[in-house]
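Structure file structure30.txt (compact mmCIF, C-alpha atoms) follows.
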```txt
# COMPACT_ATOMS: atom_id res chain seq x y z
CA MET A 1338 9.45 9.24 28.30
CA MET A 1339 11.80 9.71 31.21
CA GLY A 1340 14.64 7.50 29.91
CA LEU A 1341 14.61 8.92 26.37
CA SER A 1342 17.08 11.72 25.61
CA ARG A 1343 16.73 14.16 22.73
CA ARG A 1344 19.76 12.61 21.06
CA MET A 1345 18.30 9.09 21.29
CA PHE A 1346 14.93 10.30 20.00
CA LEU A 1347 16.59 11.91 16.97
CA LYS A 1348 18.74 8.83 16.36
CA ARG A 1349 15.74 6.48 16.43
CA GLY A 1350 13.63 8.83 14.34
CA SER A 1351 16.38 9.11 11.74
CA MET A 1352 16.67 5.32 11.60
CA ALA A 1353 12.92 4.97 11.06
CA VAL A 1354 13.02 7.45 8.20
CA ALA A 1355 16.00 5.66 6.65
CA MET A 1356 14.23 2.30 6.92
CA ALA A 1357 11.13 3.78 5.29
CA GLY A 1358 13.30 4.94 2.40
CA VAL A 1359 14.88 1.51 2.05
CA ALA A 1360 11.51 -0.19 2.32
CA THR A 1361 9.93 1.90 -0.43
CA SER A 1362 12.82 1.19 -2.77
CA MET A 1363 12.50 -2.60 -2.45
CA PRO A 1364 10.07 -4.15 -4.96
CA LEU A 1365 9.20 -7.05 -2.65
CA LEU A 1366 7.98 -4.71 0.09
CA SER A 1367 5.88 -2.74 -2.36
CA GLU A 1368 4.02 -5.90 -3.26
CA VAL A 1369 3.62 -6.97 0.37
CA ALA A 1370 2.14 -3.57 1.20
CA ALA A 1371 -0.75 -4.27 -1.15
CA GLY A 1372 -2.13 -6.88 1.28
CA PRO A 1373 -1.96 -10.51 2.37
CA SER A 1374 -2.81 -11.96 -1.04
CA ALA A 1375 0.01 -9.93 -2.56
CA SER A 1376 2.49 -11.33 -0.04
CA GLU A 1377 1.59 -14.83 -1.21
CA ALA A 1378 2.17 -13.72 -4.79
CA ALA A 1379 5.48 -12.12 -3.75
CA SER A 1380 6.84 -15.53 -2.83
CA THR A 1381 6.51 -16.63 -6.46
CA THR A 1382 7.52 -13.39 -8.17
CA SER A 1383 9.42 -10.27 -7.20
CA GLU A 1384 8.18 -8.07 -10.03
CA VAL A 1385 6.31 -4.86 -9.25
CA PRO A 1386 3.07 -4.42 -11.20
CA GLU A 1387 3.52 -1.86 -13.97
CA GLY A 1388 2.50 1.61 -12.89
CA PHE A 1389 2.25 0.65 -9.19
CA LYS A 1390 2.96 3.55 -6.82
CA LEU A 1391 2.76 3.77 -3.06
CA THR A 1392 0.20 6.34 -2.00
CA GLU A 1393 1.07 6.18 1.71
CA ALA A 1394 4.27 5.94 3.75
CA LEU A 1395 5.64 2.44 4.26
CA VAL A 1396 7.65 1.70 7.40
CA ALA A 1397 9.31 -1.65 8.14
CA HIS A 1398 10.00 -2.62 11.75
CA VAL A 1399 12.25 -5.67 12.07
CA ARG A 1400 11.21 -7.11 15.42
CA ASP A 1401 13.41 -10.22 15.42
CA LEU A 1402 16.32 -10.52 13.03
CA GLY A 1403 16.79 -14.25 13.66
CA SER A 1404 13.22 -15.34 12.96
CA GLY A 1405 12.59 -12.69 10.32
CA ASP A 1406 9.61 -11.20 12.16
CA ILE A 1407 8.86 -7.91 10.37
CA ARG A 1408 5.95 -5.53 10.88
CA LEU A 1409 5.04 -3.29 7.97
CA PHE A 1410 3.08 -0.14 8.65
CA VAL A 1411 1.27 1.28 5.62
CA GLY A 1412 -0.98 4.20 6.40
CA GLU A 1413 -3.19 2.90 9.20
CA ARG A 1414 -2.62 -0.79 8.40
CA GLN A 1415 -0.17 -3.19 10.02
CA ILE A 1416 1.03 -6.25 8.11
CA GLU A 1417 3.03 -9.07 9.70
CA VAL A 1418 5.68 -10.77 7.57
CA LYS A 1419 8.11 -13.58 8.45
CA ASP A 1420 11.03 -13.51 6.07
CA PRO A 1421 14.52 -14.03 7.54
CA ALA A 1422 16.24 -13.17 4.25
CA LEU A 1423 14.35 -9.89 3.97
CA ALA A 1424 15.10 -9.05 7.61
CA ARG A 1425 18.81 -9.64 6.98
CA ALA A 1426 18.70 -7.53 3.81
CA LEU A 1427 17.07 -4.65 5.70
CA PHE A 1428 19.63 -4.98 8.47
CA HIS A 1429 22.57 -4.92 6.06
CA ALA A 1430 21.06 -1.96 4.18
CA SER A 1431 20.97 0.00 7.45
CA ARG A 1432 24.73 -0.44 8.00
```
Starting from the file, give its structure as structure tokens.
Amino acid sequence: MMGLSRRMFLKRGSMAVAMAGVATSMPLLSEVAAGPSASEAASTTSEVPEGFKLTEALVAHVRDLGSGDIRLFVGERQIEVKDPALARALFHASR
């Protein structure tokens, strides 16, 4: 980690925590976190199942804003999502 300063580490870590907070507050991401079949259902509905709660941390990593390539990390799982509108919404929420 030679090129990483303490300030940059804290800045990136803070951003990751903020994105996790945004991700957990978005109903669409909660459904996607349930698995691939839920992401297909999310395209037709954006409602969260009644009583649904996240039991693990959810982190969204927007890899490419233009193509909407997003990686979701839920516990030990990684889920790939391509949704340009969602990527833009996450970007704007971080500003």
_I'd like to know which of A:Arg1349, A:Lys1419, A:Arg1432, A:Arg1343 is closest to Arg1400 of chain A, using all atoms listed in the file._
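The shortest atom-to-atom distance to Arg1400 of chain A comes from A:Lys1419.
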*Rounded to one decimal in Å, what is the spacing between atom CA of Ser1404 of chain A and atom CA of Met1356 of chain A?*
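Taking atom CA of Ser1404 of chain A as the start and atom CA of Met1356 of chain A as the end point, the length is 18.7 Å.
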*For the atom pair atom CA of Gly1412 of chain A and atom CA of Ala1394 of chain A, what is the interatomic distance in Å to one decimal place?*
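If I compute the distance from atom CA of Gly1412 of chain A to atom CA of Ala1394 of chain A, I get 6.1 Å.
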*Quote the spacing between atom CA of Ser1342 of chain A and atom CA of Phe1428 of chain A in Å to one decimal place.*
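These atoms are spaced 24.1 Å apart.
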*Write out as a ChimeraX atom specification each polymer residue whose atoms come within 7 Å of Glu1417 of chain A, counting all atoms listed in the file; drop sequence neighbours fewer than 5 positions from it.*
/A:1407-1409
